[in-house]
file structure.pdb (PDB, C-alpha atoms)
ATOM      1  CA  MET A   1       0.000   0.000   0.000
ATOM      2  CA  ASN A   2       2.786   2.405   0.938
ATOM      3  CA  SER A   3       4.737   1.621  -2.209
ATOM      4  CA  SER A   4       1.692   2.299  -4.388
ATOM      5  CA  VAL A   5       1.039   5.606  -2.631
ATOM      6  CA  LYS A   6       4.670   6.653  -3.019
ATOM      7  CA  SER A   7       4.621   5.755  -6.694
ATOM      8  CA  LYS A   8       1.645   8.044  -7.287
ATOM      9  CA  HIS A   9       3.274  11.132  -5.785
ATOM     10  CA  PRO A  10       6.066  11.502  -8.390
ATOM     11  CA  SER A  11       3.526  11.071 -11.177
ATOM     12  CA  ALA A  12       1.250  13.761  -9.754
ATOM     13  CA  TYR A  13       4.244  16.031  -9.180
ATOM     14  CA  ARG A  14       5.379  15.601 -12.762
ATOM     15  CA  ILE A  15       1.908  16.371 -14.093
ATOM     16  CA  VAL A  16       1.594  19.544 -12.018
ATOM     17  CA  SER A  17       5.145  20.609 -12.960
ATOM     18  CA  LEU A  18       4.408  19.994 -16.636
ATOM     19  CA  ILE A  19       1.218  22.070 -16.477
ATOM     20  CA  VAL A  20       3.025  24.933 -14.743
ATOM     21  CA  LEU A  21       5.880  24.834 -17.274
ATOM     22  CA  ILE A  22       3.432  24.830 -20.186
ATOM     23  CA  ILE A  23       1.619  27.862 -18.746
ATOM     24  CA  PHE A  24       4.872  29.776 -18.293
ATOM     25  CA  ALA A  25       6.063  28.744 -21.771
ATOM     26  CA  ILE A  26       2.845  30.108 -23.300
ATOM     27  CA  LEU A  27       3.198  33.372 -21.372
ATOM     28  CA  PHE A  28       6.813  33.842 -22.471
ATOM     29  CA  LEU A  29       6.166  32.838 -26.089
ATOM     30  CA  PHE A  30       3.033  34.954 -26.507
ATOM     31  CA  PRO A  31       4.910  38.251 -27.191
ATOM     32  CA  LEU A  32       6.928  36.496 -29.906
ATOM     33  CA  TYR A  33       3.732  35.055 -31.383
ATOM     34  CA  TRP A  34       2.090  38.497 -31.334
ATOM     35  CA  ILE A  35       5.079  40.134 -33.038
ATOM     36  CA  ILE A  36       5.340  37.525 -35.795
ATOM     37  CA  THR A  37       1.625  37.450 -36.565
ATOM     38  CA  GLY A  38       1.437  41.255 -36.314
ATOM     39  CA  ALA A  39       4.226  41.599 -38.877
ATOM     40  CA  PHE A  40       2.050  39.795 -41.429
ATOM     41  CA  LYS A  41      -1.288  41.411 -40.563
ATOM     42  CA  PRO A  42      -2.960  43.901 -42.910
ATOM     43  CA  THR A  43      -3.506  47.431 -41.638
ATOM     44  CA  THR A  44      -7.192  46.787 -40.932
ATOM     45  CA  ASP A  45      -6.305  43.986 -38.507
ATOM     46  CA  ILE A  46      -3.609  46.007 -36.731
ATOM     47  CA  TYR A  47      -5.848  49.013 -36.099
ATOM     48  CA  SER A  48      -9.025  47.045 -35.513
ATOM     49  CA  THR A  49     -10.906  47.899 -32.309
ATOM     50  CA  ASP A  50     -11.418  44.175 -31.751
ATOM     51  CA  THR A  51      -8.492  41.942 -30.898
ATOM     52  CA  VAL A  52      -7.424  39.980 -33.978
ATOM     53  CA  TRP A  53      -5.584  36.907 -32.706
ATOM     54  CA  TRP A  54      -4.891  35.500 -36.170
ATOM     55  CA  PRO A  55      -4.400  37.504 -39.379
ATOM     56  CA  THR A  56      -7.447  37.537 -41.590
ATOM     57  CA  GLU A  57      -4.988  37.680 -44.473
ATOM     58  CA  TRP A  58      -1.235  37.049 -44.477
ATOM     59  CA  VAL A  59       0.478  39.944 -46.248
ATOM     60  CA  THR A  60       4.069  41.143 -46.629
ATOM     61  CA  THR A  61       3.119  44.820 -46.889
ATOM     62  CA  ASN A  62       4.763  45.702 -43.580
ATOM     63  CA  PHE A  63       8.112  44.242 -44.645
ATOM     64  CA  GLU A  64       7.862  45.985 -48.015
ATOM     65  CA  LYS A  65       7.336  49.320 -46.270
ATOM     66  CA  LEU A  66      10.180  48.576 -43.860
ATOM     67  CA  PHE A  67      12.637  47.814 -46.653
ATOM     68  CA  SER A  68      11.537  50.720 -48.840
ATOM     69  CA  SER A  69      11.457  53.437 -46.165
ATOM     70  CA  ARG A  70      15.199  54.225 -46.249
ATOM     71  CA  THR A  71      18.392  53.058 -47.951
ATOM     72  CA  ALA A  72      22.018  52.869 -46.825
ATOM     73  CA  PRO A  73      25.302  51.284 -47.950
ATOM     74  CA  LEU A  74      25.665  47.678 -46.820
ATOM     75  CA  PHE A  75      29.025  48.456 -45.228
ATOM     76  CA  THR A  76      31.502  51.310 -45.009
ATOM     77  CA  ILE A  77      35.285  50.907 -44.860
ATOM     78  CA  GLY A  78      36.930  54.308 -44.680
ATOM     79  CA  ASP A  79      35.732  56.232 -47.714
ATOM     80  CA  PHE A  80      34.668  53.083 -49.539
ATOM     81  CA  GLU A  81      30.974  52.199 -49.434
ATOM     82  CA  GLY A  82      29.373  48.909 -50.324
ATOM     83  CA  PRO A  83      26.246  48.399 -52.425
ATOM     84  CA  THR A  84      23.101  50.287 -51.472
ATOM     85  CA  VAL A  85      20.561  48.191 -49.576
ATOM     86  CA  PRO A  86      17.468  48.886 -47.460
ATOM     87  CA  ALA A  87      18.487  50.655 -44.258
ATOM     88  CA  ALA A  88      16.894  47.877 -42.181
ATOM     89  CA  ILE A  89      19.384  45.388 -43.661
ATOM     90  CA  ARG A  90      22.303  47.699 -42.789
ATOM     91  CA  TRP A  91      20.935  48.113 -39.267
ATOM     92  CA  LEU A  92      20.618  44.351 -38.896
ATOM     93  CA  VAL A  93      24.190  43.835 -40.138
ATOM     94  CA  ASN A  94      25.382  46.455 -37.647
ATOM     95  CA  SER A  95      23.579  44.711 -34.791
ATOM     96  CA  VAL A  96      24.928  41.297 -35.716
ATOM     97  CA  PHE A  97      28.496  42.592 -36.079
ATOM     98  CA  MET A  98      28.279  44.504 -32.799
ATOM     99  CA  SER A  99      26.832  41.596 -30.810
ATOM    100  CA  VAL A 100      29.116  38.926 -32.302
ATOM    101  CA  MET A 101      32.271  40.984 -31.712
ATOM    102  CA  ALA A 102      31.171  41.825 -28.167
ATOM    103  CA  MET A 103      30.398  38.155 -27.543
ATOM    104  CA  LEU A 104      33.769  36.915 -28.830
ATOM    105  CA  LEU A 105      35.885  39.559 -27.096
ATOM    106  CA  THR A 106      33.979  39.255 -23.818
ATOM    107  CA  CYS A 107      34.252  35.461 -23.742
ATOM    108  CA  VAL A 108      38.010  35.612 -24.389
ATOM    109  CA  THR A 109      38.821  38.361 -21.875
ATOM    110  CA  ALA A 110      36.414  37.100 -19.198
ATOM    111  CA  ALA A 111      37.733  33.529 -19.454
ATOM    112  CA  MET A 112      41.344  34.681 -19.083
ATOM    113  CA  ALA A 113      40.532  37.068 -16.240
ATOM    114  CA  GLY A 114      38.393  34.502 -14.445
ATOM    115  CA  TYR A 115      41.144  31.888 -14.750
ATOM    116  CA  ALA A 116      43.762  34.293 -13.381
ATOM    117  CA  ILE A 117      41.622  35.289 -10.388
ATOM    118  CA  ALA A 118      40.588  31.709  -9.636
ATOM    119  CA  LYS A 119      43.902  29.876 -10.053
ATOM    120  CA  LYS A 120      46.687  32.433  -9.700
ATOM    121  CA  ARG A 121      47.966  33.816  -6.422
ATOM    122  CA  PHE A 122      49.064  37.449  -6.599
ATOM    123  CA  ILE A 123      49.005  40.536  -4.396
ATOM    124  CA  GLY A 124      45.656  42.291  -4.478
ATOM    125  CA  ARG A 125      43.779  39.283  -5.865
ATOM    126  CA  GLY A 126      40.989  39.640  -3.307
ATOM    127  CA  VAL A 127      40.747  43.395  -3.869
ATOM    128  CA  VAL A 128      40.445  42.932  -7.631
ATOM    129  CA  PHE A 129      37.641  40.397  -7.243
ATOM    130  CA  THR A 130      35.856  42.647  -4.728
ATOM    131  CA  LEU A 131      36.004  45.557  -7.178
ATOM    132  CA  ILE A 132      34.574  43.340  -9.919
ATOM    133  CA  VAL A 133      31.671  42.317  -7.691
ATOM    134  CA  CYS A 134      31.058  45.953  -6.736
ATOM    135  CA  ALA A 135      31.130  46.976 -10.409
ATOM    136  CA  MET A 136      28.273  44.552 -11.071
ATOM    137  CA  ALA A 137      26.050  46.703  -8.849
ATOM    138  CA  LEU A 138      26.778  49.949 -10.721
ATOM    139  CA  PRO A 139      23.996  51.029 -13.103
ATOM    140  CA  LYS A 140      25.148  51.971 -16.575
ATOM    141  CA  GLN A 141      23.839  55.511 -16.209
ATOM    142  CA  VAL A 142      26.359  56.235 -13.437
ATOM    143  CA  ILE A 143      29.390  55.752 -15.702
ATOM    144  CA  LEU A 144      27.805  57.191 -18.844
ATOM    145  CA  ILE A 145      29.478  60.622 -18.822
ATOM    146  CA  PRO A 146      33.059  59.398 -18.201
ATOM    147  CA  LEU A 147      32.443  56.618 -20.700
ATOM    148  CA  ILE A 148      31.385  59.089 -23.409
ATOM    149  CA  ARG A 149      34.429  61.279 -22.717
ATOM    150  CA  GLU A 150      36.743  58.281 -22.902
ATOM    151  CA  ILE A 151      35.206  56.986 -26.135
ATOM    152  CA  SER A 152      35.353  60.491 -27.658
ATOM    153  CA  ALA A 153      39.022  60.858 -26.668
ATOM    154  CA  MET A 154      39.735  57.586 -28.476
ATOM    155  CA  GLY A 155      37.989  58.918 -31.603
ATOM    156  CA  LEU A 156      35.429  56.109 -31.592
ATOM    157  CA  TYR A 157      32.252  58.068 -30.895
ATOM    158  CA  ASN A 158      29.469  57.357 -33.411
ATOM    159  CA  SER A 159      31.027  54.035 -34.384
ATOM    160  CA  LEU A 160      30.058  50.480 -33.554
ATOM    161  CA  TRP A 161      33.234  50.117 -31.483
ATOM    162  CA  ALA A 162      31.821  52.740 -29.122
ATOM    163  CA  VAL A 163      29.156  50.175 -28.227
ATOM    164  CA  ILE A 164      31.351  47.067 -28.427
ATOM    165  CA  LEU A 165      34.312  48.049 -26.241
ATOM    166  CA  PRO A 166      32.343  49.007 -23.075
ATOM    167  CA  THR A 167      30.790  45.539 -23.136
ATOM    168  CA  VAL A 168      34.126  43.701 -23.319
ATOM    169  CA  GLY A 169      34.988  44.393 -19.674
ATOM    170  CA  TRP A 170      31.659  43.051 -18.411
ATOM    171  CA  PRO A 171      32.106  42.355 -14.649
ATOM    172  CA  PHE A 172      29.431  39.655 -14.679
ATOM    173  CA  GLY A 173      31.379  37.728 -17.319
ATOM    174  CA  VAL A 174      34.547  37.751 -15.215
ATOM    175  CA  PHE A 175      32.557  36.703 -12.151
ATOM    176  CA  LEU A 176      30.874  33.851 -14.028
ATOM    177  CA  MET A 177      34.121  32.551 -15.521
ATOM    178  CA  LYS A 178      35.870  32.782 -12.145
ATOM    179  CA  GLN A 179      33.228  30.516 -10.635
ATOM    180  CA  PHE A 180      33.677  27.941 -13.405
ATOM    181  CA  CYS A 181      37.477  28.081 -13.238
ATOM    182  CA  GLU A 182      37.300  27.314  -9.522
ATOM    183  CA  GLY A 183      36.167  23.820 -10.530
ATOM    184  CA  VAL A 184      39.257  23.138 -12.671
ATOM    185  CA  PRO A 185      41.395  20.560 -10.783
ATOM    186  CA  GLY A 186      44.714  22.021  -9.696
ATOM    187  CA  GLU A 187      46.354  18.622 -10.244
ATOM    188  CA  MET A 188      45.687  18.842 -13.976
ATOM    189  CA  LEU A 189      47.293  22.277 -14.173
ATOM    190  CA  GLU A 190      50.306  21.093 -12.205
ATOM    191  CA  ALA A 191      50.673  18.028 -14.436
ATOM    192  CA  ALA A 192      50.604  20.266 -17.518
ATOM    193  CA  ARG A 193      53.359  22.459 -16.084
ATOM    194  CA  ILE A 194      55.476  19.388 -15.289
ATOM    195  CA  ASP A 195      55.057  18.259 -18.905
ATOM    196  CA  GLY A 196      56.474  21.584 -20.030
ATOM    197  CA  ALA A 197      53.270  23.326 -21.116
ATOM    198  CA  GLY A 198      53.311  27.116 -20.985
ATOM    199  CA  GLU A 199      50.551  29.309 -19.600
ATOM    200  CA  ALA A 200      48.907  29.840 -22.987
ATOM    201  CA  GLN A 201      49.020  26.132 -23.849
ATOM    202  CA  THR A 202      47.681  25.156 -20.424
ATOM    203  CA  PHE A 203      44.840  27.629 -20.691
ATOM    204  CA  ILE A 204      43.833  26.670 -24.235
ATOM    205  CA  GLN A 205      44.243  22.881 -23.998
ATOM    206  CA  ILE A 206      43.292  22.230 -20.361
ATOM    207  CA  VAL A 207      41.175  25.045 -18.973
ATOM    208  CA  VAL A 208      39.038  26.041 -21.969
ATOM    209  CA  PRO A 209      37.626  22.531 -22.649
ATOM    210  CA  LEU A 210      36.666  22.187 -18.971
ATOM    211  CA  ILE A 211      34.869  25.538 -18.794
ATOM    212  CA  LYS A 212      33.258  25.285 -22.232
ATOM    213  CA  PRO A 213      29.691  25.098 -20.780
ATOM    214  CA  GLY A 214      30.330  28.333 -18.907
ATOM    215  CA  ILE A 215      31.696  29.993 -22.037
ATOM    216  CA  GLY A 216      28.584  28.897 -23.940
ATOM    217  CA  ALA A 217      26.324  30.368 -21.262
ATOM    218  CA  LEU A 218      28.341  33.593 -21.226
ATOM    219  CA  ALA A 219      28.158  33.780 -25.033
ATOM    220  CA  ILE A 220      24.356  33.803 -24.920
ATOM    221  CA  PHE A 221      24.231  36.283 -22.041
ATOM    222  CA  THR A 222      26.690  38.630 -23.774
ATOM    223  CA  PHE A 223      25.001  38.457 -27.179
ATOM    224  CA  ILE A 224      21.569  39.197 -25.724
ATOM    225  CA  ASN A 225      22.916  41.910 -23.397
ATOM    226  CA  SER A 226      24.730  43.641 -26.262
ATOM    227  CA  TRP A 227      21.801  43.253 -28.661
ATOM    228  CA  ASN A 228      19.292  44.708 -26.181
ATOM    229  CA  ASP A 229      21.492  47.549 -24.889
ATOM    230  CA  TYR A 230      19.278  50.186 -26.467
ATOM    231  CA  PHE A 231      20.326  52.926 -24.039
ATOM    232  CA  THR A 232      24.041  52.804 -24.898
ATOM    233  CA  GLN A 233      23.328  52.427 -28.612
ATOM    234  CA  LEU A 234      21.032  55.460 -28.565
ATOM    235  CA  ILE A 235      23.670  57.614 -26.853
ATOM    236  CA  MET A 236      26.753  56.434 -28.758
ATOM    237  CA  LEU A 237      25.356  56.207 -32.307
ATOM    238  CA  THR A 238      24.165  59.362 -34.050
ATOM    239  CA  SER A 239      24.276  58.684 -37.818
ATOM    240  CA  SER A 240      21.647  56.588 -39.563
ATOM    241  CA  ALA A 241      24.231  54.349 -41.258
ATOM    242  CA  ASN A 242      25.616  53.289 -37.864
ATOM    243  CA  TYR A 243      22.265  52.617 -36.213
ATOM    244  CA  THR A 244      21.510  49.188 -34.828
ATOM    245  CA  ILE A 245      18.206  47.511 -35.644
ATOM    246  CA  SER A 246      16.575  48.590 -32.369
ATOM    247  CA  VAL A 247      17.609  52.251 -32.693
ATOM    248  CA  GLY A 248      16.814  52.309 -36.404
ATOM    249  CA  ILE A 249      13.328  50.895 -35.964
ATOM    250  CA  ALA A 250      12.648  53.404 -33.184
ATOM    251  CA  THR A 251      13.466  56.274 -35.565
ATOM    252  CA  LEU A 252      10.740  55.107 -37.952
ATOM    253  CA  GLN A 253       8.060  56.195 -35.495
ATOM    254  CA  GLY A 254       6.277  59.339 -36.612
ATOM    255  CA  GLU A 255       5.726  62.368 -34.393
ATOM    256  CA  SER A 256       1.956  62.389 -34.852
ATOM    257  CA  SER A 257       1.306  58.762 -35.757
ATOM    258  CA  THR A 258       3.026  55.395 -35.521
ATOM    259  CA  ASP A 259       2.931  52.628 -38.101
ATOM    260  CA  PHE A 260       2.748  49.586 -35.858
ATOM    261  CA  GLY A 261       2.968  47.289 -38.863
ATOM    262  CA  ILE A 262       6.519  48.498 -39.639
ATOM    263  CA  LEU A 263       7.470  48.241 -35.961
ATOM    264  CA  MET A 264       6.173  44.660 -35.808
ATOM    265  CA  ALA A 265       8.072  43.758 -38.989
ATOM    266  CA  GLY A 266      11.262  45.289 -37.586
ATOM    267  CA  ALA A 267      10.840  43.488 -34.268
ATOM    268  CA  ALA A 268      10.280  40.176 -36.060
ATOM    269  CA  LEU A 269      13.419  40.766 -38.143
ATOM    270  CA  ALA A 270      15.408  41.616 -35.006
ATOM    271  CA  ALA A 271      14.267  38.436 -33.243
ATOM    272  CA  VAL A 272      15.797  36.103 -35.849
ATOM    273  CA  PRO A 273      19.482  36.453 -34.782
ATOM    274  CA  ILE A 274      18.616  36.122 -31.084
ATOM    275  CA  ILE A 275      16.716  32.886 -31.684
ATOM    276  CA  THR A 276      19.499  31.572 -33.946
ATOM    277  CA  VAL A 277      22.238  32.213 -31.367
ATOM    278  CA  PHE A 278      20.207  30.576 -28.626
ATOM    279  CA  LEU A 279      19.587  27.480 -30.740
ATOM    280  CA  ILE A 280      23.318  27.223 -31.502
ATOM    281  CA  PHE A 281      24.489  27.611 -27.898
ATOM    282  CA  GLN A 282      21.524  26.120 -26.026
ATOM    283  CA  LYS A 283      23.414  22.880 -25.318
ATOM    284  CA  TYR A 284      26.248  24.705 -23.571
ATOM    285  CA  PHE A 285      23.821  27.142 -21.968
ATOM    286  CA  THR A 286      21.865  24.292 -20.355
ATOM    287  CA  GLN A 287      25.077  22.594 -19.198
ATOM    288  CA  GLY A 288      26.385  25.847 -17.778
ATOM    289  CA  ILE A 289      23.221  26.568 -15.819
ATOM    290  CA  THR A 290      23.119  22.969 -14.539
ATOM    291  CA  MET A 291      26.760  23.048 -13.422
ATOM    292  CA  GLY A 292      26.205  26.377 -11.716
ATOM    293  CA  ALA A 293      23.202  24.977  -9.863
ATOM    294  CA  VAL A 294      25.168  21.925  -8.727
ATOM    295  CA  LYS A 295      28.023  24.130  -7.476
ATOM    296  CA  GLY A 296      25.614  26.341  -5.583
TER
END
call {"tool": "encode", "arguments": {"input": "structure.pdb", "output": "structure tokens"}}
result
Amino acid sequence: MNSSVKSKHPSAYRIVSLIVLIIFAILFLFPLYWIITGAFKPTTDIYSTDTVWWPTEWVTTNFEKLFSSRTAPLFTIGDFEGPTVPAAIRWLVNSVFMSVMAMLLTCVTAAMAGYAIAKKRFIGRGVVFTLIVCAMALPKQVILIPLIREISAMGLYNSLWAVILPTVGWPFGVFLMKQFCEGVPGEMLEAARIDGAGEAQTFIQIVVPLIKPGIGALAIFTFINSWNDYFTQLIMLTSSANYTISVGIATLQGESSTDFGILMAGAALAAVPIITVFLIFQKYFTQGITMGAVKG
């Protein structure tokens, strides 16, 4: 009797958990559903006084208006300009370049810094880590003015690097990588040194494979954080050719009226890279979160 009762509890728990997860999944996916369907709705459906849950007719008018509203060169290298394309494509290319570069540079620098703080013994190690933790609590608005002055002094204002470089020293990334590097066995590092491996070889061949789940999780966090950093992009980028997709779409809003169809089309276009990156790194992201939970 007891065994049968005990066997029913896990089943009931799983059912309740599944129902709760499904409800939360629907709530989180609903905005994406609304954006995608809204991008293909005709104007009558978008401005209808009644809620239109499904387009009465699937049209591409909103994307046509988005791509025909403005034009810009696909890329600019010095005085050389690439072929002319819809401005939305240029904005999307800018966003992808900005987020990918920020992701790569942040993962490299954070992994090296986290490894040094976790496994190296040097004077001021505790102070450095304390400063990194404190920096995580600083809102971006507090350092905005000195950041603008520094970027301007470097001659990078109104360029994508003005948005990329401030992300590279992300304190959260260093903190996350430090926690993962703590789990690297010291015996393996010592054995590598005995075999004659240098610091670079030890880091690349021993440490990086062991912290790969953490790097994958950090890659997703950094890409999304850089992609969604509308505030910094709005302040640092002033010319239309350098706009990111979020800033560019925001400029399409009229002073007296707003074309929600274009905004929905732009939002749907901007969601594609985010979903793609998550699908690529979701394996490492799940492993990283699981390992972090086990450590905690």
call {"tool": "closest_atom_pairs", "arguments": {"input": "structure.pdb", "of": "stretch 211-247 of chain A", "to": "stretch 252-276 of chain A", "cutoff": "8 Å", "atoms": "all atoms listed in the file", "output": "JSON lines"}}
result
{"residue": "A:Phe223", "atom": "CA", "partner": "A:Ile274", "partner_atom": "CA", "distance": 7.8}
{"residue": "A:Ile224", "atom": "CA", "partner": "A:Ile274", "partner_atom": "CA", "distance": 6.8}
{"residue": "A:Ile245", "atom": "CA", "partner": "A:Ala270", "partner_atom": "CA", "distance": 6.6}
{"residue": "A:Ser246", "atom": "CA", "partner": "A:Ala270", "partner_atom": "CA", "distance": 7.5}
call {"tool": "write_last_selection", "arguments": {"input": "structure.pdb", "atoms": "C-alpha atoms", "output": "mmCIF file, in the frame of the given file"}}
result
data_model
loop_
_atom_site.group_PDB
_atom_site.id
_atom_site.type_symbol
_atom_site.label_atom_id
_atom_site.label_comp_id
_atom_site.auth_asym_id
_atom_site.auth_seq_id
_atom_site.Cartn_x
_atom_site.Cartn_y
_atom_site.Cartn_z
ATOM 1 C CA PHE A 223 25.001 38.457 -27.179
ATOM 2 C CA ILE A 224 21.569 39.197 -25.724
ATOM 3 C CA ILE A 245 18.206 47.511 -35.644
ATOM 4 C CA SER A 246 16.575 48.590 -32.369
#
call {"tool": "residues_around", "arguments": {"input": "structure.pdb", "residues": "A:Phe75", "least_positions_apart": "2", "cutoff": "10 Å", "atoms": "only C-alpha atoms", "output": "JSON, numbers by chain"}}
result
{"A": [72, 73, 77, 78, 80, 81, 82, 83, 84, 85, 90, 93, 94, 241, 242]}
call {"tool": "write_last_selection", "arguments": {"input": "structure.pdb", "atoms": "C-alpha atoms", "output": "PDB file, keeping the file's coordinate frame"}}
result
ATOM      1  CA  ALA A  72      22.018  52.869 -46.825  1.00  0.00           C
ATOM      2  CA  PRO A  73      25.302  51.284 -47.950  1.00  0.00           C
ATOM      3  CA  ILE A  77      35.285  50.907 -44.860  1.00  0.00           C
ATOM      4  CA  GLY A  78      36.930  54.308 -44.680  1.00  0.00           C
ATOM      5  CA  PHE A  80      34.668  53.083 -49.539  1.00  0.00           C
ATOM      6  CA  GLU A  81      30.974  52.199 -49.434  1.00  0.00           C
ATOM      7  CA  GLY A  82      29.373  48.909 -50.324  1.00  0.00           C
ATOM      8  CA  PRO A  83      26.246  48.399 -52.425  1.00  0.00           C
ATOM      9  CA  THR A  84      23.101  50.287 -51.472  1.00  0.00           C
ATOM     10  CA  VAL A  85      20.561  48.191 -49.576  1.00  0.00           C
ATOM     11  CA  ARG A  90      22.303  47.699 -42.789  1.00  0.00           C
ATOM     12  CA  VAL A  93      24.190  43.835 -40.138  1.00  0.00           C
ATOM     13  CA  ASN A  94      25.382  46.455 -37.647  1.00  0.00           C
ATOM     14  CA  ALA A 241      24.231  54.349 -41.258  1.00  0.00           C
ATOM     15  CA  ASN A 242      25.616  53.289 -37.864  1.00  0.00           C
TER      16      ASN A 242
END
call {"tool": "residues_near_point", "arguments": {"input": "structure.pdb", "point": "(26.6, 52.7, -34.8)", "cutoff": "8 Å", "atoms": "all atoms listed in the file", "output": "mmCIF file with C-alpha atoms, keeping the file's coordinate frame"}}
result
data_model
loop_
_atom_site.group_PDB
_atom_site.id
_atom_site.type_symbol
_atom_site.label_atom_id
_atom_site.label_comp_id
_atom_site.auth_asym_id
_atom_site.auth_seq_id
_atom_site.Cartn_x
_atom_site.Cartn_y
_atom_site.Cartn_z
ATOM 1 C CA ASN A 94 25.382 46.455 -37.647
ATOM 2 C CA ASN A 158 29.469 57.357 -33.411
ATOM 3 C CA SER A 159 31.027 54.035 -34.384
ATOM 4 C CA LEU A 160 30.058 50.480 -33.554
ATOM 5 C CA TRP A 161 33.234 50.117 -31.483
ATOM 6 C CA ALA A 162 31.821 52.740 -29.122
ATOM 7 C CA VAL A 163 29.156 50.175 -28.227
ATOM 8 C CA GLN A 233 23.328 52.427 -28.612
ATOM 9 C CA MET A 236 26.753 56.434 -28.758
ATOM 10 C CA LEU A 237 25.356 56.207 -32.307
ATOM 11 C CA THR A 238 24.165 59.362 -34.050
ATOM 12 C CA SER A 239 24.276 58.684 -37.818
ATOM 13 C CA SER A 240 21.647 56.588 -39.563
ATOM 14 C CA ALA A 241 24.231 54.349 -41.258
ATOM 15 C CA ASN A 242 25.616 53.289 -37.864
ATOM 16 C CA TYR A 243 22.265 52.617 -36.213
ATOM 17 C CA THR A 244 21.510 49.188 -34.828
#
call {"tool": "closest_residue", "arguments": {"input": "structure.pdb", "among": "A:Met98, A:Ile145, A:Cys181, A:Met154", "to": "A:Leu210", "atoms": "all atoms listed in the file"}}
result
A:Cys181
call {"tool": "closest_atom_pairs", "arguments": {"input": "structure.pdb", "of": "stretch 113-158 of chain A", "to": "stretch 186-209 of chain A", "cutoff": "12 Å", "atoms": "only C-alpha atoms", "output": "Markdown table"}}
result
| residue | atom | partner | partner_atom | distance |
| --- | --- | --- | --- | --- |
| A:Ala113 | CA | A:Phe203 | CA | 11.3 |
| A:Gly114 | CA | A:Val207 | CA | 10.8 |
| A:Tyr115 | CA | A:Val207 | CA | 8.0 |
| A:Ala116 | CA | A:Phe203 | CA | 10.0 |
| A:Ala118 | CA | A:Gly186 | CA | 10.5 |
| A:Lys119 | CA | A:Gly186 | CA | 7.9 |
| A:Lys120 | CA | A:Gly186 | CA | 10.6 |
